[in-house]
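Engineer: For reference, the structure I am asking about is given below.
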Amino acid sequence: MVIVLLAIAVWFQGTSFAEEAKRSSSAWQEQAVEYAHLMSRVKWTPVAAGMPHLGGGHFKKGTEYTGVPYSSVKAVGRCIGFSIYLKTFLAAVENPHSVLYTEDLSGKVSHAAPYYGKVCSTFTSYALQCALPYRSSHHGPTFRSGVALVDPQSAQAAEPGDVIYTPPAKVGGGSHVELVTAVERSGEKVTAVRVEDSWPPTTRNILRKTSNFDSHISSRNRRLCRITDFDAWHEHNKAESFLFPNYDEDSATPAINRVLLLDRGDWVPYYKDQAVKFNVMDKDSQGVRSLVVKRGGTVVEQINVQGKGVIERLFADCGDYTARCVMSDGSLSQACEFCVCDLDFSLPAETPRRDKPWDIKFTACNLSVIAVRLMNPKPPYKRCIVWLTDQDRSSNKVTIAADLIEDEGPVWVWVIGENKYGRLVREQKVVIGK
């Protein structure tokens, strides 16, 4: 790899790509490929009909799929890898009464269908070890430091970890981002480049011969970009600083419960106002006497069970819960784990102004509020992330600095909290004045 790059000798800010590659470890590139494969190589098979996919239609019961489903869940569903574990999705797949089969985000959220999913930008951001996903257009040098256009823009210069950005065909249109995960060589000559991305209905894994790759990036004004300074590109947006993404959990083989599953799978957070639906499945027909729900070590309820079926409960108290079945022989089933949380926030009563600081006040229970995202819904879709400090959390408010938001008009505000089971998001719209 280094020999090929040294032959390129393209200078960027006084340093060639070759020297930059030589100086920096390839560890993060190797990790990016490994983490991308967690999402693109996972196999799963729907156990029921009704799970929607983007573009209409449904995933077929009993058919094996590769790669997590495509769905732009926004703040309505849950993003696999960022808001939930991969194993939570896999557990939901095994429950025929889970939200994967009972919920359909089509028509409610643009470019969404399954309740759990990923899109191109969350796929690449997850692979590149971000704490929160960057928008596809924000991967490159227009919006980020520590990244540059690869020169030449060809397969011969491509390396694993490079991203391919496709700008919108027209103003307001959709953009796209892909990840280079492998480069095949014959001697020092590149013969093919493997490109992976999130694309309906799941993910794509395309090995492009050099001529095909070159044609691909030369059309639609695509740009092949390389991260030259991993820390500068991330700034504070590093997965290692937070509980999610959790690559250790996502890479482990989960033990999916065969007796009991939740409507949101397993190992998952709920809001206080969300019913928890326990599906007593008893797939091995052992017989079930009762369902025992605990908060911590305290029994909250013991429910007599007569046969298989769904039991629904609301829990008023925040905390970490377990649920397991007492089997006919008196043994206990594997536990399902979930938590009950609360999260809310308020915006200023008066219209915030661009040139003055303003506060967002929040409340959280059984969650740590980690960040506020500010998102302009109009092109070029400017984004800001405000990372909370311990002082912000103790005072239950965060100050948005003057001039952080450059344009007046509507802005979506997301307040994001996390705990060991996942993340929850509350959103509101605010209009920024002059």
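Going by the structure tokens order, chains are called A, B, ..., each with residues numbered from 1, while ligands are numbered from 1 in the order shown.
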List the spatial neighbours of Tyr115 of chain A as a ChimeraX atom specification - criterion: any atom at most 7 Å away, only C-alpha atoms, same-chain residues fewer than 5 positions off excluded.

Structural biologist: /A:73,77-78,99-100,103-105

Engineer: Could you tell me, as a count of residues only, which residues of segment 299-390 of chain A DSSP assigns to strand (DSSP E) when given the backbone?

Structural biologist: 52

Engineer: Give me the residues near segment 159-163 of chain A as a PyMOL selection string, where near means some atom within 6 Å (using only C-alpha atoms) and where sequence neighbours in that chain fewer than 3 positions away do not count.

Structural biologist: chain A and resi 29+178-182+224-226

Engineer: In Å to one decimal, how far is atom CA of Asp266 of chain A from atom CA of Gly287 of chain A?

Structural biologist: 21.1 Å

Engineer: So what do you get for atom CA of Arg220 of chain A versus atom CA of Ser125 of chain A, distance-wise?

Structural biologist: 22.2 Å

Engineer: Could you give me, as a list in words, the residues within 8 Å of Val276 of chain A, counting only C-alpha atoms and dropping anything in the same chain fewer than 2 positions from it?

Structural biologist: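 Those residues are Leu262, Asp263, Tyr270, Gln274, Phe278, Glu312, Arg313, Leu314 and Phe315 of chain A.
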
Engineer: May I have the residues from that selection written out with C-alpha atoms, as a PDB file, in the first residue's frame?

Structural biologist:
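Okay, this is what ended up in out_10.pdb:
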ATOM      1  CA  LEU A 262     -40.050  -7.753  23.826  1.00  0.00           C
ATOM      2  CA  ASP A 263     -41.862  -5.816  21.136  1.00  0.00           C
ATOM      3  CA  TYR A 270     -38.371   2.484  26.527  1.00  0.00           C
ATOM      4  CA  GLN A 274     -44.449   3.441  25.973  1.00  0.00           C
ATOM      5  CA  PHE A 278     -43.860  -9.217  26.348  1.00  0.00           C
ATOM      6  CA  GLU A 312     -48.685  -5.625  27.840  1.00  0.00           C
ATOM      7  CA  ARG A 313     -47.616  -3.417  30.729  1.00  0.00           C
ATOM      8  CA  LEU A 314     -46.797   0.254  31.450  1.00  0.00           C
ATOM      9  CA  PHE A 315     -44.083   1.019  33.996  1.00  0.00           C
TER      10      PHE A 315
END

Engineer: In Å, how far is it from atom CA of Met51 of chain A to atom CA of Gly117 of chain A?

Structural biologist: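 Calculated distance between atom CA of Met51 of chain A and atom CA of Gly117 of chain A is 11.7 Å.
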
Engineer: Could you list, as a PyMOL selection string, every residue within 10 Å of Asp355 of chain A, counting only C-alpha atoms and ignoring same-chain residues fewer than 3 positions away?

Structural biologist: chain A and resi 352+358+401-406+432-434

Engineer: Please identify all polymer residues within 12 Å of Thr253 of chain A, counting only C-alpha atoms, omitting same-chain residues fewer than 5 positions from it, and present them as a VMD selection string.

Structural biologist: chain A and resid 38 42 to 43 85 to 88 90 to 91 247 to 248
